[in-house]
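> What follows is the file structure.cif, containing mmCIF, C-alpha atoms; chains and numbers go by the auth columns:
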data_protein
loop_
_atom_site.group_PDB
_atom_site.id
_atom_site.type_symbol
_atom_site.label_atom_id
_atom_site.label_comp_id
_atom_site.label_asym_id
_atom_site.label_seq_id
_atom_site.Cartn_x
_atom_site.Cartn_y
_atom_site.Cartn_z
_atom_site.B_iso_or_equiv
_atom_site.auth_seq_id
_atom_site.auth_asym_id
ATOM 1 C CA MET A 1 -14.711 8.355 -2.513 0.00 721 A
ATOM 2 C CA THR A 2 -10.946 8.721 -2.749 0.00 722 A
ATOM 3 C CA LEU A 3 -8.748 9.272 0.266 0.00 723 A
ATOM 4 C CA PRO A 4 -7.075 12.631 0.666 0.00 724 A
ATOM 5 C CA SER A 5 -3.332 12.764 -0.002 0.00 725 A
ATOM 6 C CA THR A 6 -2.724 14.482 3.323 0.00 726 A
ATOM 7 C CA TYR A 7 -4.273 13.812 6.684 0.00 727 A
ATOM 8 C CA PRO A 8 -5.286 16.847 8.738 0.00 728 A
ATOM 9 C CA ASP A 9 -5.110 14.910 12.025 0.00 729 A
ATOM 10 C CA ARG A 10 -1.378 15.086 12.717 0.00 730 A
ATOM 11 C CA ASN A 11 -1.928 13.398 16.081 0.00 731 A
ATOM 12 C CA CYS A 12 -1.746 9.995 14.385 0.00 732 A
ATOM 13 C CA SER A 13 1.717 8.753 13.483 0.00 733 A
ATOM 14 C CA LEU A 14 0.251 6.079 11.221 0.00 734 A
ATOM 15 C CA ALA A 15 -1.582 8.720 9.180 0.00 735 A
ATOM 16 C CA ARG A 16 1.631 10.737 8.828 0.00 736 A
ATOM 17 C CA THR A 17 3.539 7.592 7.798 0.00 737 A
ATOM 18 C CA LEU A 18 0.925 6.842 5.140 0.00 738 A
ATOM 19 C CA GLU A 19 1.504 10.311 3.668 0.00 739 A
ATOM 20 C CA VAL A 20 5.050 9.186 2.908 0.00 740 A
ATOM 21 C CA VAL A 21 4.766 5.467 2.062 0.00 741 A
ATOM 22 C CA GLY A 22 1.034 4.876 1.613 0.00 742 A
ATOM 23 C CA GLU A 23 0.622 5.715 -2.066 0.00 743 A
ATOM 24 C CA ARG A 24 0.503 2.952 -4.630 0.00 744 A
ATOM 25 C CA TRP A 25 3.971 1.835 -5.756 0.00 745 A
ATOM 26 C CA THR A 26 5.888 3.539 -2.932 0.00 746 A
ATOM 27 C CA LEU A 27 6.525 0.491 -0.744 0.00 747 A
ATOM 28 C CA LEU A 28 7.430 -1.518 -3.843 0.00 748 A
ATOM 29 C CA ILE A 29 10.058 1.098 -4.700 0.00 749 A
ATOM 30 C CA VAL A 30 11.383 0.843 -1.140 0.00 750 A
ATOM 31 C CA ARG A 31 11.322 -2.974 -1.360 0.00 751 A
ATOM 32 C CA ASP A 32 13.326 -2.884 -4.584 0.00 752 A
ATOM 33 C CA ALA A 33 15.809 -0.478 -2.986 0.00 753 A
ATOM 34 C CA PHE A 34 16.356 -3.139 -0.296 0.00 754 A
ATOM 35 C CA TYR A 35 16.865 -5.670 -3.109 0.00 755 A
ATOM 36 C CA GLY A 36 19.651 -3.458 -4.506 0.00 756 A
ATOM 37 C CA VAL A 37 17.787 -1.848 -7.406 0.00 757 A
ATOM 38 C CA ARG A 38 19.118 1.709 -7.531 0.00 758 A
ATOM 39 C CA ARG A 39 18.686 3.128 -11.022 0.00 759 A
ATOM 40 C CA PHE A 40 15.581 4.786 -12.421 0.00 760 A
ATOM 41 C CA GLY A 41 15.383 2.607 -15.533 0.00 761 A
ATOM 42 C CA ASP A 42 15.837 -0.573 -13.513 0.00 762 A
ATOM 43 C CA LEU A 43 13.089 0.432 -11.083 0.00 763 A
ATOM 44 C CA ALA A 44 10.764 1.286 -13.980 0.00 764 A
ATOM 45 C CA THR A 45 11.436 -2.072 -15.636 0.00 765 A
ATOM 46 C CA GLN A 46 11.140 -4.154 -12.474 0.00 766 A
ATOM 47 C CA LEU A 47 7.912 -2.563 -11.310 0.00 767 A
ATOM 48 C CA GLY A 48 6.240 -1.852 -14.643 0.00 768 A
ATOM 49 C CA ILE A 49 5.459 1.578 -13.216 0.00 769 A
ATOM 50 C CA PRO A 50 4.731 4.584 -15.428 0.00 770 A
ATOM 51 C CA ARG A 51 7.840 6.787 -15.554 0.00 771 A
ATOM 52 C CA ALA A 52 5.961 9.907 -14.459 0.00 772 A
ATOM 53 C CA VAL A 53 4.623 8.096 -11.384 0.00 773 A
ATOM 54 C CA LEU A 54 8.093 6.752 -10.577 0.00 774 A
ATOM 55 C CA THR A 55 9.566 10.236 -10.887 0.00 775 A
ATOM 56 C CA ASN A 56 6.960 11.636 -8.464 0.00 776 A
ATOM 57 C CA ARG A 57 7.441 8.817 -5.946 0.00 777 A
ATOM 58 C CA LEU A 58 11.230 9.129 -6.054 0.00 778 A
ATOM 59 C CA LYS A 59 11.013 12.901 -5.546 0.00 779 A
ATOM 60 C CA LEU A 60 8.782 12.352 -2.497 0.00 780 A
ATOM 61 C CA LEU A 61 11.052 9.669 -1.029 0.00 781 A
ATOM 62 C CA VAL A 62 14.125 11.879 -1.519 0.00 782 A
ATOM 63 C CA ARG A 63 12.344 14.941 -0.070 0.00 783 A
ATOM 64 C CA GLU A 64 11.271 12.905 2.966 0.00 784 A
ATOM 65 C CA GLY A 65 14.776 11.535 3.504 0.00 785 A
ATOM 66 C CA VAL A 66 13.880 7.887 2.830 0.00 786 A
ATOM 67 C CA LEU A 67 16.189 7.761 -0.210 0.00 787 A
ATOM 68 C CA THR A 68 19.118 9.857 -1.346 0.00 788 A
ATOM 69 C CA ARG A 69 19.740 10.744 -4.957 0.00 789 A
ATOM 70 C CA ASP A 70 23.372 10.114 -5.834 0.00 790 A
ATOM 71 C CA ASP A 71 24.593 11.650 -9.094 0.00 791 A
ATOM 72 C CA ASP A 72 28.150 10.601 -9.923 0.00 792 A
ATOM 73 C CA GLY A 73 28.593 13.557 -12.294 0.00 793 A
ATOM 74 C CA ALA A 74 29.049 11.237 -15.272 0.00 794 A
ATOM 75 C CA GLY A 75 25.321 10.799 -15.888 0.00 795 A
ATOM 76 C CA THR A 76 24.674 7.857 -13.587 0.00 796 A
ATOM 77 C CA VAL A 77 22.038 8.526 -10.946 0.00 797 A
ATOM 78 C CA GLU A 78 21.312 6.066 -8.174 0.00 798 A
ATOM 79 C CA TYR A 79 18.740 6.089 -5.387 0.00 799 A
ATOM 80 C CA LEU A 80 20.014 4.740 -2.073 0.00 800 A
ATOM 81 C CA LEU A 81 18.231 3.998 1.172 0.00 801 A
ATOM 82 C CA THR A 82 19.077 6.308 4.043 0.00 802 A
ATOM 83 C CA ASP A 83 19.054 5.249 7.690 0.00 803 A
ATOM 84 C CA LYS A 84 15.460 6.498 7.780 0.00 804 A
ATOM 85 C CA GLY A 85 14.629 4.334 4.762 0.00 805 A
ATOM 86 C CA THR A 86 16.415 1.316 6.222 0.00 806 A
ATOM 87 C CA ALA A 87 14.247 1.703 9.326 0.00 807 A
ATOM 88 C CA LEU A 88 11.300 0.670 7.111 0.00 808 A
ATOM 89 C CA TRP A 89 12.684 -2.884 6.803 0.00 809 A
ATOM 90 C CA PRO A 90 10.583 -4.368 9.646 0.00 810 A
ATOM 91 C CA ILE A 91 7.453 -3.058 7.920 0.00 811 A
ATOM 92 C CA VAL A 92 8.470 -4.451 4.521 0.00 812 A
ATOM 93 C CA ARG A 93 9.465 -7.779 6.107 0.00 813 A
ATOM 94 C CA ALA A 94 6.173 -8.004 8.033 0.00 814 A
ATOM 95 C CA MET A 95 4.115 -7.257 4.918 0.00 815 A
ATOM 96 C CA MET A 96 6.035 -9.888 2.940 0.00 816 A
ATOM 97 C CA ALA A 97 5.387 -12.448 5.706 0.00 817 A
ATOM 98 C CA TRP A 98 1.682 -11.522 5.801 0.00 818 A
ATOM 99 C CA GLY A 99 1.435 -11.920 2.026 0.00 819 A
ATOM 100 C CA ASP A 100 3.214 -15.286 2.193 0.00 820 A
ATOM 101 C CA ALA A 101 0.900 -16.484 4.980 0.00 821 A
ATOM 102 C CA PHE A 102 -2.319 -15.543 3.234 0.00 822 A
ATOM 103 C CA TYR A 103 -1.542 -15.531 -0.497 0.00 823 A
ATOM 104 C CA SER A 104 1.257 -18.029 -1.075 0.00 824 A
ATOM 105 C CA PRO A 105 0.005 -21.551 -0.307 0.00 825 A
ATOM 106 C CA ALA A 106 3.283 -23.107 -1.513 0.00 826 A
ATOM 107 C CA GLY A 107 5.284 -21.198 1.106 0.00 827 A
ATOM 108 C CA ALA A 108 7.338 -18.031 1.269 0.00 828 A
ATOM 109 C CA LYS A 109 8.100 -16.421 -2.084 0.00 829 A
ATOM 110 C CA ARG A 110 11.481 -15.352 -0.725 0.00 830 A
ATOM 111 C CA ASP A 111 13.423 -16.724 2.201 0.00 831 A
ATOM 112 C CA LEU A 112 15.461 -14.435 4.415 0.00 832 A
ATOM 113 C CA ARG A 113 18.667 -15.840 5.890 0.00 833 A
ATOM 114 C CA HIS A 114 21.288 -14.623 8.316 0.00 834 A
ATOM 115 C CA ASP A 115 24.300 -14.235 6.039 0.00 835 A
ATOM 116 C CA ARG A 116 26.767 -15.027 8.850 0.00 836 A
ATOM 117 C CA ASP A 117 25.555 -18.564 9.521 0.00 837 A
ATOM 118 C CA GLY A 118 22.914 -19.306 6.866 0.00 838 A
ATOM 119 C CA GLY A 119 20.122 -19.609 9.423 0.00 839 A
ATOM 120 C CA LEU A 120 16.592 -18.909 8.254 0.00 840 A
ATOM 121 C CA LEU A 121 15.066 -15.754 9.766 0.00 841 A
ATOM 122 C CA ASP A 122 11.713 -16.026 11.510 0.00 842 A
ATOM 123 C CA HIS A 123 8.904 -13.503 11.055 0.00 843 A
ATOM 124 C CA ASP A 124 10.499 -11.254 13.679 0.00 844 A
ATOM 125 C CA GLY A 125 13.865 -11.214 11.892 0.00 845 A
ATOM 126 C CA ARG A 126 15.597 -13.555 14.348 0.00 846 A
ATOM 127 C CA CYS A 127 17.978 -16.195 13.090 0.00 847 A
ATOM 128 C CA GLU A 128 16.753 -19.707 13.826 0.00 848 A
ATOM 129 C CA GLN A 129 20.405 -20.865 13.911 0.00 849 A
ATOM 130 C CA CYS A 130 22.030 -18.411 16.366 0.00 850 A
ATOM 131 C CA GLY A 131 19.020 -16.538 17.797 0.00 851 A
ATOM 132 C CA ALA A 132 20.362 -13.099 16.856 0.00 852 A
ATOM 133 C CA ALA A 133 18.216 -10.358 15.361 0.00 853 A
ATOM 134 C CA ALA A 134 19.873 -9.955 11.974 0.00 854 A
ATOM 135 C CA PRO A 135 20.541 -6.354 10.931 0.00 855 A
ATOM 136 C CA VAL A 136 19.783 -5.444 7.313 0.00 856 A
ATOM 137 C CA PRO A 137 23.432 -5.647 6.118 0.00 857 A
ATOM 138 C CA GLU A 138 23.551 -9.281 7.329 0.00 858 A
ATOM 139 C CA ILE A 139 20.362 -10.465 5.608 0.00 859 A
ATOM 140 C CA ARG A 140 20.472 -12.613 2.502 0.00 860 A
ATOM 141 C CA ILE A 141 17.348 -12.987 0.369 0.00 861 A
ATOM 142 C CA GLU A 142 16.800 -15.974 -1.899 0.00 862 A
ATOM 143 C CA PRO A 143 13.970 -17.749 -3.683 0.00 863 A
ATOM 144 C CA GLY A 144 11.727 -19.568 -1.225 0.00 864 A
ATOM 145 C CA PRO A 145 9.505 -22.615 -1.705 0.00 865 A
ATOM 146 C CA GLY A 146 6.665 -20.460 -3.093 0.00 866 A
ATOM 147 C CA TYR A 147 8.858 -18.671 -5.653 0.00 867 A
ATOM 148 C CA GLN A 148 7.740 -19.291 -9.225 0.00 868 A
ATOM 149 C CA ALA A 149 10.002 -18.382 -12.092 0.00 869 A
ATOM 150 C CA GLY A 150 8.198 -16.998 -15.126 0.00 870 A
ATOM 151 C CA ASP A 151 8.190 -18.625 -18.537 0.00 871 A
ATOM 152 C CA SER A 152 9.761 -15.712 -20.398 0.00 872 A
ATOM 153 C CA PRO A 153 13.499 -14.984 -20.357 0.00 873 A
ATOM 154 C CA LEU A 154 14.601 -12.667 -17.568 0.00 874 A
ATOM 155 C CA ASP A 155 16.155 -9.268 -18.130 0.00 875 A
ATOM 156 C CA PRO A 156 19.590 -8.915 -16.436 0.00 876 A
ATOM 157 C CA VAL A 157 18.239 -7.197 -13.303 0.00 877 A
ATOM 158 C CA SER A 158 15.451 -9.753 -12.844 0.00 878 A
ATOM 159 C CA ALA A 159 17.991 -12.543 -13.290 0.00 879 A
ATOM 160 C CA MET A 160 20.101 -11.114 -10.471 0.00 880 A
ATOM 161 C CA LEU A 161 17.044 -10.674 -8.255 0.00 881 A
ATOM 162 C CA SER A 162 15.962 -14.275 -8.797 0.00 882 A
ATOM 163 C CA GLY A 163 19.111 -15.597 -7.118 0.00 883 A
ATOM 164 C CA SER A 164 20.576 -15.339 -3.649 0.00 884 A
ATOM 165 C CA ARG A 165 21.953 -11.936 -2.635 0.00 885 A
ATOM 166 C CA ARG A 166 22.430 -9.654 0.335 0.00 886 A
ATOM 167 C CA LEU A 167 19.918 -6.913 0.957 0.00 887 A
ATOM 168 C CA ARG A 168 21.057 -3.506 -0.282 0.00 888 A
ATOM 169 C CA GLU A 169 23.830 -5.092 -2.367 0.00 889 A
ATOM 170 C CA PRO A 170 23.859 -2.889 -5.469 0.00 890 A
ATOM 171 C CA ILE A 171 22.792 -4.324 -8.765 0.00 891 A
ATOM 172 C CA ALA A 172 25.175 -3.012 -11.372 0.00 892 A
ATOM 173 C CA ILE A 173 24.339 -3.946 -14.930 0.00 893 A
ATOM 174 C CA PRO A 174 26.488 -1.877 -17.331 0.00 894 A
ATOM 175 C CA SER A 175 23.800 -1.670 -20.025 0.00 895 A
ATOM 176 C CA THR A 176 21.241 -0.051 -17.689 0.00 896 A
ATOM 177 C CA ARG A 177 23.011 3.304 -17.831 0.00 897 A
ATOM 178 C CA GLN A 178 22.352 3.616 -21.551 0.00 898 A
ATOM 179 C CA ALA A 179 18.716 2.626 -20.952 0.00 899 A
ATOM 180 C CA ASP A 180 18.440 5.312 -18.271 0.00 900 A
ATOM 181 C CA GLU A 181 19.880 7.931 -20.595 0.00 901 A
ATOM 182 C CA ARG A 182 17.543 6.981 -23.456 0.00 902 A
ATOM 183 C CA GLY A 183 14.530 6.898 -21.141 0.00 903 A
ATOM 184 C CA GLY A 184 15.231 10.139 -19.338 0.00 904 A
ATOM 185 C CA GLY A 185 15.702 8.340 -16.040 0.00 905 A
ATOM 186 C CA THR A 186 18.599 10.491 -14.937 0.00 906 A
ATOM 187 C CA ASP A 187 16.276 13.462 -14.555 0.00 907 A
ATOM 188 C CA ALA A 188 14.049 11.795 -11.984 0.00 908 A
ATOM 189 C CA GLY A 189 14.108 13.296 -8.540 0.00 909 A
ATOM 190 C CA ARG A 190 15.399 16.716 -9.534 0.00 910 A
#
Spit out the file's structure as structure tokens when you get a sec.


Amino acid sequence: MTLPSTYPDRNCSLARTLEVVGERWTLLIVRDAFYGVRRFGDLATQLGIPRAVLTNRLKLLVREGVLTRDDDGAGTVEYLLTDKGTALWPIVRAMMAWGDAFYSPAGAKRDLRHDRDGGLLDHDGRCEQCGAAAPVPEIRIEPGPGYQAGDSPLDPVSAMLSGSRRLREPIAIPSTRQADERGGGTDAGR
């Protein structure tokens, strides 16, 4: 039996939240937006998601105010986290920590650091160096001890994601615009 796409009991905030972020791929799209992936073609490549599914998820996230769709007028479309979308970070961080604890015996796949002082963040997002709760703009993500690089060569976006970078720092690869135009990615979210 499949779950309904809407939950009639609106008295449960979790059920309402799942209507927005509970479908397959949606939290991975949000995660990649935190990683700085903004363009349709880059999201499709990174996730291996069917383009039609990505289009539907992006439309939902834009409609719900989790992402904004920014069209520069020259054919480049980017999807950016809103304040509402950024508020999902504790959920994404907690799910990453849970996955590391139970499915990554070699340690965290990605370490989170306070960019100001380089301190490692604990599972609550507090810097082990200064004790501060690091806000999203001050978080640096980098490969952790459980990170395993693949054997095949990395595409330019994957190469950038495999290094150290600040959350929400945009990934700008000039060649991705042409890929978006060829793949119809600029029409997503309309």

> Could you jot down the CA of Phe822 in chain A to CA of Val773 in chain A separation for me, Å, one decimal place?

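Going from CA of Phe822 in chain A over to CA of Val773 in chain A covers 28.6 Å.
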
> Report the distance between CA of Pro890 in chain A and CA of Val797 in chain A in Å, rounded to one decimal place.

12.8 Å

> Would you list the contacts of Gly851 in chain A as a list in words, taking every protein, DNA or RNA residue within 12 Å and counting all atoms listed in the file, but skipping same-chain residues closer than 5 positions in sequence?

Arg833, His834, Arg836, Asp837, Gly838, Gly839, Leu840, Leu841, Asp842, Asp844, Gly845 and Arg846 of chain A

> So the first atom is CA of Leu747 in chain A and the second is CA of Gly827 in chain A; what is the distance between them in Å, to one decimal place?

21.8 Å

> What lies within 8 Å of Trp745 in chain A using only C-alpha atoms, ignoring chain neighbours under 2 positions off, as a short mmCIF file (atom, residue, chain, number, x, y, z; two decimals) with C-alpha atoms, keeping the file's coordinate frame?


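Just written: selection09.cif:
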data_model
loop_
_atom_site.label_atom_id
_atom_site.label_comp_id
_atom_site.auth_asym_id
_atom_site.auth_seq_id
_atom_site.Cartn_x
_atom_site.Cartn_y
_atom_site.Cartn_z
CA GLU A 743 0.62 5.72 -2.07
CA LEU A 747 6.52 0.49 -0.74
CA LEU A 748 7.43 -1.52 -3.84
CA ILE A 749 10.06 1.10 -4.70
CA ILE A 769 5.46 1.58 -13.22
CA ARG A 777 7.44 8.82 -5.95
#

> Find the residues with any atom within 8 Å of (16.3, 3.1, -11.3); use all atoms listed in the file and the coordinates as given in the file, and write the answer as a list in words.

Val757, Arg758, Arg759, Phe760, Gly761, Asp762, Leu763, Ala764, Val797, Glu798, Tyr799, Asp900 and Gly905 of chain A

> For the structure provided, state which residues fall under the PyMOL selection byres ((chain A and resi 843) around 12), and present them as JSON, numbers by chain.

{"A": [810, 811, 812, 813, 814, 815, 816, 817, 818, 819, 820, 821, 828, 831, 832, 833, 840, 841, 842, 844, 845, 846, 847, 848, 853, 854]}

> Please write the residues picked by the PyMOL selection byres ((chain A and resi 859-869) around 7) on this file as a PyMOL selection string.

chain A and resi 824+826-835+854-858+870-871+882-887

> Go through A:Ser872, A:Thr788, A:Gln849, A:Gln766 one by one, measure the shortest atom-to-atom distance of each to Arg751 in chain A using all atoms listed in the file, and give the residue with the smallest value.

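Ranked by minimum distance to Arg751 in chain A, first place goes to A:Gln766.
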
> Can you tell me, as a ChimeraX atom specification, what residues are no more than 12 Å from Arg783 in chain A when counting all atoms listed in the file, ignoring any on the same chain fewer than 2 positions away?

/A:740,776-781,785-789,802,804-805,909-910
